[in-house]
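Right, one structure below, let's go through it.
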Amino acid sequence: MTAYIIRRLLITVPTIVLVTVVIFAIMRSMPGGPAQAMLGDQATPEAIKAMEQRLGLDQPFHVQYLAWVGNALRGDLGRSAFGNQPVSEILLQRIPPTVELAILAMLFSVAIGITAGVTAAVYHNSRIDAAASVLAILGVSTPSFWLGIMLVLVFSIWLRWLPSMGYTNLFIAPETNVRQMILPSLTLGAVMAAVVARQTRGAMLDVLYQDYIRTARAKGLVERVVLTRHALGNALIPVVTIVGLQLGQVLSGAVVVETIFALPGSGQLLVSSIFTRDFPIVQAVVLVMALIFTAVNLAVDLLYGVLDPRVRLS
Amino acid sequence: MQMRDEGAAAPGSPLRGEPVPYWRWLLGRVLQVRLATVALTLITCVACMAVFAPWISPARPTDVDLTAVLRGPSLKNLMGTDELGRDIFSRVIDGSRASLSAGLISAAIGLTVGTFFGLLAGYFLGLVDMLIMRLVDAMLAFPGIILALAITAALGPSLTNAMIAIGIVSIPTFARLARAQVLTICRLDYVEAARCLGAPNRHIIIRHVVPNMLTPIIVQSSLAVAFAILTEATLSFLGLGVQPPTPSWGYMLNVGRGYLSQAPWMSLFPGVAIFLTVMSINLLGDALRDALDPRLRIE
């Protein structure tokens, strides 16, 4: 297992280095350069030059890159182009709502997705299976922003049950926080639940036709034990991968969901910084999201190695 | 490319086994799935809407009528009017152009560039493979929309830039898929035989590798179109895709959000349009996968 972990970590390092190069190259590909993009077309050459000097953009590409990576490794992600506030400080304030949203959405999607997937597989080719499959394809095809808007329409405007926007810290007013987070997590979790349900159904069907399940039934085990102890454990191995990969979906979806529900998270920060052309913030948010995604992928791979010994041996 | 048509002709028919063009064989297989027929019909309707938009729209999508703002659905305005009195039905029809063109062009960028690099990596292996695949890994380390947002942020908001961004995001999936296919195909006897006969690489790639790697790439292309339509709608919803006054489903939803209590139809219909289009393409993708996967056919 140790060799597997080391091998997997060694593969991740060059990926992270390339991730930083890709982000840096994208941000430097702005037409006219980042300084002009931030200041607009009306900016004078002097103002552009001053901004370039302030942000170190007058240095050669590789010097800028190495300085940025070196600072990032020390936790310094630069300063906002407009407020001059440290980007890491801004980001730290914006991460908690996104983390809370991600956790709630993942919990929702796993609970609903696995239950629906297992039920559909157990009642294979029945109406329940058909209904679960239809719901899954509906979920996969529904744009999260539309679903969010429709949930606001029904639960906030028509029924007046839940607030349509805003965020209160969980530790300051837990009840208000829960009420505010229900619709955003439902919006984000529903689409993922559909993906998890499809994957669970497929994996469960694969397992249910294996010889060892037939053996378990033949020796007289109760169906509940066959399903929970023999089938589900093995069927969930590929589901772990999908749930891990869903984090990418969560981070992408958070951008939209936070915008709809006015949650002050990192996704909303990214969108607002794109509009204000505050490129140090855009660069930092994209970097942090890519690093989180890479770390989760790594964790999923390692977990997969623990769950299925064939993976680490191959 | 030709296939033996085993599904179209009745067993025992003298026609059974007669070679038919690949696309006809594929269509025959796909149309055996009832849901795929519905999906294909819907996709054809959306495509016709996009092509014939100027002729079938009841009004011009950008025509403002301040005497008819926020009117509900009626016979005159089937989907109601928006905050500037524009006919939403006409805007939904016209919005299909942006969505479909984004879907097709972005998927085409991902397909051609990704398959090309995947082909190079899988065929030549070694340093070429390592360089290409490490870059692909790095691109896959970004959540899809985040990378598209970063690229759009750099290039500036517009439909063209959104299409480029979505296309770039689609490249790694195609590259990985193509590489995996090439690796499998290159180990097969007929490629070895071609090598032994002294066929040049270009000949082997074009005549033997490419035609045999198409099946999963066709399936992936349909999914890439659905992904591109959704991502374009997301970017436009955030204000980073199609710019007003050109109608786009995503942007219409964004504007409609502000009038949700007075005019819910402004958000309802563009959303339904995105949903039906994406669902149809996903269903078609599923049917294609089922039709082209021999294991599923045997089952």
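Residues are referred to by chain and number: the chain letter is A, B, ... according to the order shown in the structure tokens, the number counts from 1 in that chain, and ligands are numbered separately from 1 in the order shown.
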Find the nearest atom pair between each residue of chain B and chain A for residues within 8 Å, count only C-alpha atoms, give distances in Å to one decimal, sort rows by chain and ascending number, and present the table as JSON lines.
```
{"residue": "B:Arg134", "atom": "CA", "partner": "A:Thr15", "partner_atom": "CA", "distance": 6.5}
{"residue": "B:Leu135", "atom": "CA", "partner": "A:Leu18", "partner_atom": "CA", "distance": 6.7}
{"residue": "B:Asp137", "atom": "CA", "partner": "A:Thr15", "partner_atom": "CA", "distance": 6.3}
{"residue": "B:Ala138", "atom": "CA", "partner": "A:Thr15", "partner_atom": "CA", "distance": 5.0}
{"residue": "B:Met139", "atom": "CA", "partner": "A:Val19", "partner_atom": "CA", "distance": 7.0}
{"residue": "B:Ala141", "atom": "CA", "partner": "A:Thr294", "partner_atom": "CA", "distance": 5.6}
{"residue": "B:Phe142", "atom": "CA", "partner": "A:Ala290", "partner_atom": "CA", "distance": 4.8}
{"residue": "B:Pro143", "atom": "CA", "partner": "A:Gly248", "partner_atom": "CA", "distance": 4.6}
{"residue": "B:Gly144", "atom": "CA", "partner": "A:Ser252", "partner_atom": "CA", "distance": 6.9}
{"residue": "B:Ile145", "atom": "CA", "partner": "A:Ser252", "partner_atom": "CA", "distance": 5.4}
{"residue": "B:Ile146", "atom": "CA", "partner": "A:Ser252", "partner_atom": "CA", "distance": 5.9}
{"residue": "B:Leu147", "atom": "CA", "partner": "A:Val286", "partner_atom": "CA", "distance": 7.6}
{"residue": "B:Ala150", "atom": "CA", "partner": "A:Val286", "partner_atom": "CA", "distance": 7.1}
{"residue": "B:Ile151", "atom": "CA", "partner": "A:Ile26", "partner_atom": "CA", "distance": 6.2}
{"residue": "B:Ala153", "atom": "CA", "partner": "A:Ile274", "partner_atom": "CA", "distance": 5.6}
{"residue": "B:Ala154", "atom": "CA", "partner": "A:Met30", "partner_atom": "CA", "distance": 4.6}
{"residue": "B:Leu155", "atom": "CA", "partner": "A:Met30", "partner_atom": "CA", "distance": 5.6}
{"residue": "B:Gly156", "atom": "CA", "partner": "A:Met30", "partner_atom": "CA", "distance": 7.9}
{"residue": "B:Leu230", "atom": "CA", "partner": "A:Pro143", "partner_atom": "CA", "distance": 6.7}
{"residue": "B:Thr234", "atom": "CA", "partner": "A:Val256", "partner_atom": "CA", "distance": 7.5}
{"residue": "B:Leu238", "atom": "CA", "partner": "A:Val256", "partner_atom": "CA", "distance": 7.4}
{"residue": "B:Leu253", "atom": "CA", "partner": "A:Trp146", "partner_atom": "CA", "distance": 7.4}
{"residue": "B:Arg257", "atom": "CA", "partner": "A:Ile149", "partner_atom": "CA", "distance": 6.8}
{"residue": "B:Leu260", "atom": "CA", "partner": "A:Leu153", "partner_atom": "CA", "distance": 6.7}
{"residue": "B:Ser261", "atom": "CA", "partner": "A:Ile157", "partner_atom": "CA", "distance": 6.4}
{"residue": "B:Pro264", "atom": "CA", "partner": "A:Leu153", "partner_atom": "CA", "distance": 7.6}
{"residue": "B:Ser267", "atom": "CA", "partner": "A:Ile149", "partner_atom": "CA", "distance": 7.6}
{"residue": "B:Leu268", "atom": "CA", "partner": "A:Met150", "partner_atom": "CA", "distance": 7.7}
{"residue": "B:Gly271", "atom": "CA", "partner": "A:Trp146", "partner_atom": "CA", "distance": 5.7}
{"residue": "B:Ile274", "atom": "CA", "partner": "A:Pro143", "partner_atom": "CA", "distance": 7.5}
{"residue": "B:Phe275", "atom": "CA", "partner": "A:Thr142", "partner_atom": "CA", "distance": 5.3}
{"residue": "B:Leu276", "atom": "CA", "partner": "A:Ser141", "partner_atom": "CA", "distance": 7.8}
{"residue": "B:Val278", "atom": "CA", "partner": "A:Ser141", "partner_atom": "CA", "distance": 5.5}
{"residue": "B:Met279", "atom": "CA", "partner": "A:Ser141", "partner_atom": "CA", "distance": 4.9}
{"residue": "B:Asn282", "atom": "CA", "partner": "A:Ser141", "partner_atom": "CA", "distance": 7.3}
{"residue": "B:Leu283", "atom": "CA", "partner": "A:Ile137", "partner_atom": "CA", "distance": 7.9}
```
### Polymer residues at most 9 Å from range 166-182 of chain A, only C-alpha atoms, same-chain spacing of 5 or more positions, as number ranges by chain
A: 96-97, 100-101, 104, 161, 187, 261-264
### Task
Could you tell me how far CA of Met192 in chain A lies from CA of Ala105 in chain A, in Å and to one decimal?
8.2 Å
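Nearest residue to Ala102 in chain B among B:Leu40, B:Cys45, B:Ala165, B:Met266 is B:Ala165, counting only C-alpha atoms.
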### Task
Can you work out the spacing between CA of Gly113 in chain A and CA of Leu151 in chain A in Å, to one decimal?
19.4 Å
Extract the full set of helix (DSSP H, G or I) residues from range 149-313 of chain A according to DSSP on the backbone, and format it as a compact mmCIF listing (two decimals) with N, CA and C atoms, in the first residue's frame.
```txt
# COMPACT_ATOMS: atom_id res chain seq x y z
N ILE A 149 -33.89 28.33 -9.68
CA ILE A 149 -34.89 29.39 -9.88
C ILE A 149 -36.30 28.84 -9.65
N MET A 150 -36.56 27.63 -10.14
CA MET A 150 -37.89 27.03 -9.97
C MET A 150 -38.17 26.72 -8.49
N LEU A 151 -37.13 26.28 -7.77
CA LEU A 151 -37.32 26.02 -6.33
C LEU A 151 -37.62 27.32 -5.58
N VAL A 152 -36.95 28.39 -5.97
CA VAL A 152 -37.23 29.70 -5.35
C VAL A 152 -38.67 30.09 -5.63
N LEU A 153 -39.09 29.89 -6.89
CA LEU A 153 -40.45 30.27 -7.28
C LEU A 153 -41.48 29.52 -6.41
N VAL A 154 -41.27 28.22 -6.26
CA VAL A 154 -42.26 27.41 -5.53
C VAL A 154 -42.15 27.63 -4.02
N PHE A 155 -40.95 27.45 -3.45
CA PHE A 155 -40.82 27.42 -1.99
C PHE A 155 -40.64 28.81 -1.35
N SER A 156 -40.15 29.77 -2.11
CA SER A 156 -39.95 31.09 -1.50
C SER A 156 -41.06 32.06 -1.90
N ILE A 157 -41.44 32.03 -3.18
CA ILE A 157 -42.40 33.05 -3.63
C ILE A 157 -43.85 32.56 -3.45
N TRP A 158 -44.13 31.34 -3.92
CA TRP A 158 -45.52 30.87 -3.82
C TRP A 158 -45.86 30.38 -2.40
N PRO A 174 -27.83 29.08 13.97
CA PRO A 174 -27.93 27.78 13.28
C PRO A 174 -29.26 27.58 12.55
N GLU A 175 -30.37 27.98 13.21
CA GLU A 175 -31.68 27.73 12.60
C GLU A 175 -31.84 28.51 11.29
N THR A 176 -31.46 29.78 11.35
CA THR A 176 -31.55 30.62 10.14
C THR A 176 -30.65 30.04 9.05
N ASN A 177 -29.45 29.62 9.45
CA ASN A 177 -28.51 29.06 8.49
C ASN A 177 -29.10 27.84 7.78
N VAL A 178 -29.69 26.95 8.57
CA VAL A 178 -30.25 25.72 7.97
C VAL A 178 -31.35 26.08 6.98
N ARG A 179 -32.23 27.02 7.38
CA ARG A 179 -33.32 27.42 6.48
C ARG A 179 -32.77 28.03 5.19
N GLN A 180 -31.69 28.80 5.34
CA GLN A 180 -31.11 29.45 4.15
C GLN A 180 -30.39 28.45 3.24
N MET A 181 -29.89 27.36 3.84
CA MET A 181 -29.07 26.44 3.04
C MET A 181 -29.88 25.31 2.38
N ILE A 182 -31.16 25.16 2.77
CA ILE A 182 -31.94 24.03 2.22
C ILE A 182 -32.05 24.12 0.69
N LEU A 183 -32.51 25.25 0.19
CA LEU A 183 -32.72 25.35 -1.26
C LEU A 183 -31.41 25.27 -2.05
N PRO A 184 -30.35 25.98 -1.62
CA PRO A 184 -29.09 25.85 -2.38
C PRO A 184 -28.57 24.41 -2.40
N SER A 185 -28.63 23.71 -1.23
CA SER A 185 -28.08 22.34 -1.25
C SER A 185 -28.96 21.39 -2.05
N LEU A 186 -30.29 21.63 -2.01
CA LEU A 186 -31.18 20.81 -2.84
C LEU A 186 -30.85 21.02 -4.32
N THR A 187 -30.66 22.28 -4.70
CA THR A 187 -30.38 22.61 -6.09
C THR A 187 -29.11 21.91 -6.56
N LEU A 188 -28.09 22.01 -5.76
CA LEU A 188 -26.79 21.45 -6.14
C LEU A 188 -26.79 19.93 -6.02
N GLY A 189 -27.47 19.44 -4.98
CA GLY A 189 -27.44 17.99 -4.73
C GLY A 189 -28.31 17.19 -5.67
N ALA A 190 -29.39 17.79 -6.18
CA ALA A 190 -30.33 17.02 -7.00
C ALA A 190 -29.67 16.48 -8.26
N VAL A 191 -28.91 17.34 -8.93
CA VAL A 191 -28.27 16.93 -10.17
C VAL A 191 -27.25 15.82 -9.89
N MET A 192 -26.51 15.99 -8.79
CA MET A 192 -25.51 14.97 -8.45
C MET A 192 -26.18 13.67 -8.02
N ALA A 193 -27.31 13.79 -7.33
CA ALA A 193 -28.03 12.59 -6.89
C ALA A 193 -28.39 11.74 -8.11
N ALA A 194 -28.75 12.39 -9.20
CA ALA A 194 -29.12 11.66 -10.41
C ALA A 194 -27.93 10.86 -10.93
N VAL A 195 -26.75 11.48 -10.92
CA VAL A 195 -25.55 10.79 -11.41
C VAL A 195 -25.21 9.61 -10.49
N VAL A 196 -25.27 9.85 -9.17
CA VAL A 196 -24.95 8.78 -8.22
C VAL A 196 -25.96 7.64 -8.36
N ALA A 197 -27.24 7.98 -8.55
CA ALA A 197 -28.27 6.94 -8.70
C ALA A 197 -28.00 6.07 -9.91
N ARG A 198 -27.65 6.69 -11.04
CA ARG A 198 -27.38 5.93 -12.27
C ARG A 198 -26.20 4.99 -12.07
N GLN A 199 -25.15 5.54 -11.45
CA GLN A 199 -23.94 4.74 -11.25
C GLN A 199 -24.21 3.59 -10.28
N THR A 200 -24.93 3.89 -9.18
CA THR A 200 -25.22 2.85 -8.19
C THR A 200 -26.06 1.75 -8.81
N ARG A 201 -27.06 2.14 -9.59
CA ARG A 201 -27.93 1.14 -10.21
C ARG A 201 -27.10 0.21 -11.10
N GLY A 202 -26.24 0.80 -11.93
CA GLY A 202 -25.43 -0.01 -12.84
C GLY A 202 -24.50 -0.95 -12.08
N ALA A 203 -23.83 -0.40 -11.04
CA ALA A 203 -22.87 -1.20 -10.27
C ALA A 203 -23.59 -2.31 -9.52
N MET A 204 -24.75 -1.98 -8.97
CA MET A 204 -25.52 -2.95 -8.20
C MET A 204 -26.01 -4.08 -9.11
N LEU A 205 -26.45 -3.72 -10.32
CA LEU A 205 -26.92 -4.75 -11.26
C LEU A 205 -25.78 -5.70 -11.64
N ASP A 206 -24.58 -5.12 -11.84
CA ASP A 206 -23.41 -5.95 -12.15
C ASP A 206 -23.18 -6.97 -11.05
N VAL A 207 -23.25 -6.48 -9.80
CA VAL A 207 -22.94 -7.33 -8.65
C VAL A 207 -24.03 -8.38 -8.42
N LEU A 208 -25.29 -7.96 -8.58
CA LEU A 208 -26.40 -8.86 -8.25
C LEU A 208 -26.43 -10.13 -9.10
N ASP A 211 -21.80 -14.80 -9.22
CA ASP A 211 -21.99 -16.14 -8.63
C ASP A 211 -22.08 -16.11 -7.11
N TYR A 212 -21.26 -15.24 -6.47
CA TYR A 212 -21.25 -15.28 -5.01
C TYR A 212 -22.57 -14.80 -4.41
N ILE A 213 -23.30 -13.97 -5.15
CA ILE A 213 -24.62 -13.53 -4.67
C ILE A 213 -25.58 -14.72 -4.77
N ARG A 214 -25.47 -15.46 -5.90
CA ARG A 214 -26.31 -16.65 -6.06
C ARG A 214 -26.02 -17.66 -4.93
N THR A 215 -24.73 -17.78 -4.63
CA THR A 215 -24.33 -18.70 -3.55
C THR A 215 -24.93 -18.25 -2.22
N ALA A 216 -24.84 -16.94 -1.96
CA ALA A 216 -25.37 -16.42 -0.70
C ALA A 216 -26.87 -16.71 -0.58
N ARG A 217 -27.57 -16.52 -1.71
CA ARG A 217 -29.03 -16.80 -1.69
C ARG A 217 -29.26 -18.31 -1.53
N ALA A 218 -28.43 -19.11 -2.22
CA ALA A 218 -28.63 -20.56 -2.20
C ALA A 218 -28.44 -21.13 -0.79
N GLU A 223 -32.74 -11.93 2.14
CA GLU A 223 -32.42 -11.01 1.03
C GLU A 223 -31.77 -9.72 1.54
N ARG A 224 -32.24 -9.25 2.72
CA ARG A 224 -31.68 -8.00 3.27
C ARG A 224 -30.17 -8.16 3.54
N VAL A 225 -29.81 -9.31 4.06
CA VAL A 225 -28.39 -9.57 4.36
C VAL A 225 -27.60 -9.72 3.05
N VAL A 226 -28.20 -10.38 2.08
CA VAL A 226 -27.53 -10.54 0.77
C VAL A 226 -27.24 -9.16 0.19
N LEU A 227 -28.24 -8.31 0.26
CA LEU A 227 -28.09 -6.98 -0.35
C LEU A 227 -27.10 -6.11 0.42
N THR A 228 -27.27 -6.04 1.75
CA THR A 228 -26.45 -5.10 2.51
C THR A 228 -25.02 -5.61 2.72
N ARG A 229 -24.88 -6.90 3.05
CA ARG A 229 -23.54 -7.39 3.41
C ARG A 229 -22.74 -7.88 2.22
N HIS A 230 -23.42 -8.44 1.23
CA HIS A 230 -22.67 -9.03 0.11
C HIS A 230 -22.66 -8.13 -1.14
N ALA A 231 -23.81 -7.58 -1.47
CA ALA A 231 -23.90 -6.83 -2.73
C ALA A 231 -23.43 -5.38 -2.59
N LEU A 232 -24.02 -4.68 -1.61
CA LEU A 232 -23.79 -3.23 -1.52
C LEU A 232 -22.31 -2.88 -1.35
N GLY A 233 -21.62 -3.60 -0.51
CA GLY A 233 -20.21 -3.30 -0.26
C GLY A 233 -19.40 -3.28 -1.54
N ASN A 234 -19.60 -4.29 -2.39
CA ASN A 234 -18.84 -4.35 -3.64
C ASN A 234 -19.37 -3.37 -4.68
N ALA A 235 -20.69 -3.16 -4.67
CA ALA A 235 -21.27 -2.25 -5.67
C ALA A 235 -20.83 -0.82 -5.40
N LEU A 236 -20.54 -0.50 -4.13
CA LEU A 236 -20.22 0.90 -3.80
C LEU A 236 -18.80 1.30 -4.19
N ILE A 237 -17.96 0.31 -4.56
CA ILE A 237 -16.58 0.67 -4.90
C ILE A 237 -16.53 1.66 -6.09
N PRO A 238 -17.18 1.33 -7.23
CA PRO A 238 -17.15 2.34 -8.30
C PRO A 238 -17.92 3.61 -7.94
N VAL A 239 -18.91 3.48 -7.05
CA VAL A 239 -19.69 4.67 -6.66
C VAL A 239 -18.80 5.67 -5.92
N VAL A 240 -17.83 5.14 -5.15
CA VAL A 240 -16.91 6.02 -4.42
C VAL A 240 -16.20 6.96 -5.41
N THR A 241 -15.77 6.39 -6.53
CA THR A 241 -15.09 7.21 -7.54
C THR A 241 -16.02 8.31 -8.04
N ILE A 242 -17.24 7.92 -8.35
CA ILE A 242 -18.17 8.90 -8.90
C ILE A 242 -18.46 9.98 -7.87
N VAL A 243 -18.65 9.58 -6.62
CA VAL A 243 -18.94 10.59 -5.58
C VAL A 243 -17.75 11.54 -5.46
N GLY A 244 -16.54 10.99 -5.52
CA GLY A 244 -15.35 11.84 -5.45
C GLY A 244 -15.30 12.80 -6.62
N LEU A 245 -15.56 12.25 -7.81
CA LEU A 245 -15.51 13.11 -9.00
C LEU A 245 -16.62 14.16 -8.98
N GLN A 246 -17.68 13.87 -8.23
CA GLN A 246 -18.77 14.84 -8.13
C GLN A 246 -18.33 16.13 -7.47
N LEU A 247 -17.21 16.07 -6.75
CA LEU A 247 -16.75 17.29 -6.10
C LEU A 247 -16.45 18.37 -7.14
N GLY A 248 -15.96 17.92 -8.30
CA GLY A 248 -15.74 18.87 -9.39
C GLY A 248 -17.05 19.53 -9.77
N GLN A 249 -18.10 18.69 -9.80
CA GLN A 249 -19.44 19.19 -10.12
C GLN A 249 -19.89 20.17 -9.03
N VAL A 250 -19.57 19.85 -7.77
CA VAL A 250 -19.96 20.73 -6.66
C VAL A 250 -19.30 22.09 -6.82
N LEU A 251 -17.99 22.08 -7.11
CA LEU A 251 -17.26 23.34 -7.22
C LEU A 251 -17.77 24.15 -8.40
N SER A 252 -18.06 23.45 -9.52
CA SER A 252 -18.62 24.15 -10.69
C SER A 252 -20.00 24.67 -10.36
N GLY A 253 -20.81 23.78 -9.77
CA GLY A 253 -22.19 24.16 -9.46
C GLY A 253 -22.26 25.27 -8.42
N ALA A 254 -21.28 25.29 -7.50
CA ALA A 254 -21.30 26.31 -6.45
C ALA A 254 -21.25 27.71 -7.06
N VAL A 255 -20.53 27.84 -8.17
CA VAL A 255 -20.43 29.15 -8.82
C VAL A 255 -21.82 29.67 -9.17
N VAL A 256 -22.63 28.78 -9.74
CA VAL A 256 -23.96 29.18 -10.19
C VAL A 256 -24.91 29.30 -9.00
N VAL A 257 -24.89 28.29 -8.13
CA VAL A 257 -25.85 28.27 -7.01
C VAL A 257 -25.60 29.46 -6.07
N GLU A 258 -24.34 29.77 -5.82
CA GLU A 258 -24.05 30.91 -4.95
C GLU A 258 -24.52 32.22 -5.59
N THR A 259 -24.47 32.26 -6.91
CA THR A 259 -24.94 33.48 -7.59
C THR A 259 -26.45 33.60 -7.45
N ILE A 260 -27.16 32.47 -7.64
CA ILE A 260 -28.64 32.52 -7.56
C ILE A 260 -29.10 32.89 -6.14
N SER A 266 -16.90 31.23 -2.39
CA SER A 266 -15.79 31.45 -3.32
C SER A 266 -16.25 31.46 -4.78
N GLY A 267 -17.35 30.76 -5.07
CA GLY A 267 -17.87 30.76 -6.44
C GLY A 267 -18.36 32.14 -6.82
N GLN A 268 -19.11 32.75 -5.90
CA GLN A 268 -19.61 34.10 -6.17
C GLN A 268 -18.45 35.09 -6.27
N LEU A 269 -17.42 34.86 -5.44
CA LEU A 269 -16.22 35.72 -5.50
C LEU A 269 -15.56 35.63 -6.88
N LEU A 270 -15.50 34.41 -7.41
CA LEU A 270 -14.89 34.21 -8.73
C LEU A 270 -15.66 35.00 -9.79
N VAL A 271 -16.99 34.86 -9.79
CA VAL A 271 -17.79 35.53 -10.82
C VAL A 271 -17.67 37.05 -10.68
N SER A 272 -17.78 37.56 -9.44
CA SER A 272 -17.71 39.02 -9.29
C SER A 272 -16.32 39.54 -9.66
N SER A 273 -15.28 38.74 -9.38
CA SER A 273 -13.92 39.19 -9.72
C SER A 273 -13.69 39.16 -11.23
N ILE A 274 -14.38 38.25 -11.93
CA ILE A 274 -14.25 38.24 -13.39
C ILE A 274 -14.84 39.54 -13.94
N PHE A 275 -15.98 39.96 -13.37
CA PHE A 275 -16.60 41.19 -13.87
C PHE A 275 -15.79 42.43 -13.52
N THR A 276 -15.17 42.44 -12.32
CA THR A 276 -14.36 43.62 -11.97
C THR A 276 -12.94 43.50 -12.55
N PHE A 279 -7.82 40.26 -11.61
CA PHE A 279 -7.25 38.98 -12.01
C PHE A 279 -6.44 38.27 -10.92
N PRO A 280 -5.83 38.96 -9.94
CA PRO A 280 -5.17 38.19 -8.87
C PRO A 280 -6.17 37.31 -8.11
N ILE A 281 -7.39 37.81 -7.92
CA ILE A 281 -8.40 37.01 -7.21
C ILE A 281 -8.85 35.84 -8.10
N VAL A 282 -9.12 36.13 -9.38
CA VAL A 282 -9.57 35.07 -10.30
C VAL A 282 -8.52 33.95 -10.31
N GLN A 283 -7.28 34.36 -10.46
CA GLN A 283 -6.17 33.40 -10.52
C GLN A 283 -6.12 32.54 -9.25
N ALA A 284 -6.28 33.20 -8.10
CA ALA A 284 -6.18 32.48 -6.82
C ALA A 284 -7.35 31.53 -6.62
N VAL A 285 -8.57 32.00 -6.94
CA VAL A 285 -9.75 31.14 -6.74
C VAL A 285 -9.65 29.91 -7.63
N VAL A 286 -9.27 30.12 -8.90
CA VAL A 286 -9.15 28.98 -9.84
C VAL A 286 -8.09 28.01 -9.33
N LEU A 287 -6.97 28.56 -8.84
CA LEU A 287 -5.90 27.70 -8.32
C LEU A 287 -6.39 26.87 -7.14
N VAL A 288 -7.04 27.54 -6.18
CA VAL A 288 -7.50 26.82 -4.99
C VAL A 288 -8.52 25.74 -5.36
N MET A 289 -9.43 26.06 -6.28
CA MET A 289 -10.44 25.07 -6.68
C MET A 289 -9.78 23.87 -7.38
N ALA A 290 -8.80 24.16 -8.24
CA ALA A 290 -8.11 23.05 -8.93
C ALA A 290 -7.34 22.20 -7.93
N LEU A 291 -6.72 22.85 -6.94
CA LEU A 291 -5.96 22.08 -5.94
C LEU A 291 -6.89 21.22 -5.09
N ILE A 292 -8.03 21.79 -4.71
CA ILE A 292 -9.00 20.99 -3.91
C ILE A 292 -9.44 19.78 -4.73
N PHE A 293 -9.76 20.02 -6.00
CA PHE A 293 -10.24 18.95 -6.89
C PHE A 293 -9.17 17.86 -7.04
N THR A 294 -7.91 18.31 -7.22
CA THR A 294 -6.81 17.34 -7.38
C THR A 294 -6.64 16.54 -6.08
N ALA A 295 -6.71 17.23 -4.94
CA ALA A 295 -6.53 16.54 -3.66
C ALA A 295 -7.64 15.52 -3.44
N VAL A 296 -8.87 15.88 -3.80
CA VAL A 296 -9.96 14.93 -3.62
C VAL A 296 -9.79 13.73 -4.56
N ASN A 297 -9.38 14.00 -5.80
CA ASN A 297 -9.14 12.89 -6.74
C ASN A 297 -8.08 11.94 -6.20
N LEU A 298 -7.04 12.54 -5.61
CA LEU A 298 -5.97 11.73 -5.03
C LEU A 298 -6.53 10.89 -3.87
N ALA A 299 -7.32 11.54 -3.01
CA ALA A 299 -7.91 10.83 -1.87
C ALA A 299 -8.81 9.69 -2.35
N VAL A 300 -9.58 9.96 -3.41
CA VAL A 300 -10.48 8.92 -3.95
C VAL A 300 -9.66 7.74 -4.48
N ASP A 301 -8.57 8.05 -5.20
CA ASP A 301 -7.71 6.99 -5.74
C ASP A 301 -7.13 6.14 -4.61
N LEU A 302 -6.69 6.81 -3.54
CA LEU A 302 -6.11 6.09 -2.41
C LEU A 302 -7.17 5.24 -1.72
N LEU A 303 -8.35 5.82 -1.56
CA LEU A 303 -9.45 5.09 -0.93
C LEU A 303 -9.83 3.87 -1.76
N TYR A 304 -9.80 4.07 -3.08
CA TYR A 304 -10.12 3.00 -4.02
C TYR A 304 -9.12 1.85 -3.85
N GLY A 305 -7.87 2.25 -3.63
CA GLY A 305 -6.83 1.24 -3.40
C GLY A 305 -7.07 0.46 -2.12
N VAL A 306 -7.63 1.15 -1.11
CA VAL A 306 -7.93 0.48 0.15
C VAL A 306 -9.12 -0.46 -0.03
N LEU A 307 -10.15 0.03 -0.74
CA LEU A 307 -11.37 -0.76 -0.90
C LEU A 307 -11.18 -1.96 -1.83
N PRO A 309 -8.18 -4.17 -3.41
CA PRO A 309 -6.74 -4.44 -3.45
C PRO A 309 -6.20 -4.64 -4.88
N ARG A 310 -7.07 -5.02 -5.84
CA ARG A 310 -6.59 -5.23 -7.22
C ARG A 310 -6.04 -3.93 -7.81
N VAL A 311 -6.63 -2.78 -7.37
CA VAL A 311 -6.21 -1.49 -7.92
C VAL A 311 -4.76 -1.20 -7.57
N ARG A 312 -4.40 -1.41 -6.29
CA ARG A 312 -3.03 -1.05 -5.90
C ARG A 312 -2.01 -2.06 -6.42
N LEU A 313 -2.47 -3.25 -6.77
CA LEU A 313 -1.54 -4.24 -7.30
C LEU A 313 -1.29 -4.07 -8.78
```
Give me the residues within 6 Å of Val219 in chain B as a compact mmCIF listing (two decimals) with N, CA, C and O atoms, in the first residue's frame, counting only C-alpha atoms and dropping any in the same chain fewer than 4 places off.
```txt
# COMPACT_ATOMS: atom_id res chain seq x y z
N GLY B 285 -27.48 10.02 -26.83
CA GLY B 285 -26.15 9.50 -26.48
C GLY B 285 -26.25 8.11 -25.85
O GLY B 285 -25.49 7.21 -26.20
N LEU B 288 -27.12 5.66 -28.56
CA LEU B 288 -25.94 5.40 -29.39
C LEU B 288 -25.01 4.43 -28.69
O LEU B 288 -24.49 3.49 -29.30
N ARG B 289 -24.79 4.67 -27.39
CA ARG B 289 -23.90 3.80 -26.63
C ARG B 289 -24.44 2.37 -26.61
O ARG B 289 -23.72 1.41 -26.86
```
### Task
Excluding range 48-58 of chain B and residues on its chain fewer than 2 positions from it, collect all residues at most 8 Å away from it, counting only C-alpha atoms, and give them as a list in words.
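Non-adjacent residues within range: Thr44, Cys45, Val46, Arg60, Pro61, Phe89, Ser90, Ile93, Asp94, Gly95, Ser96, Arg97 and Leu100 of chain B.
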### Query
By how many Å are CA of Thr152 in chain B and CA of Met130 in chain B apart?
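Between CA of Thr152 in chain B and CA of Met130 in chain B the gap works out to 28.0 Å.
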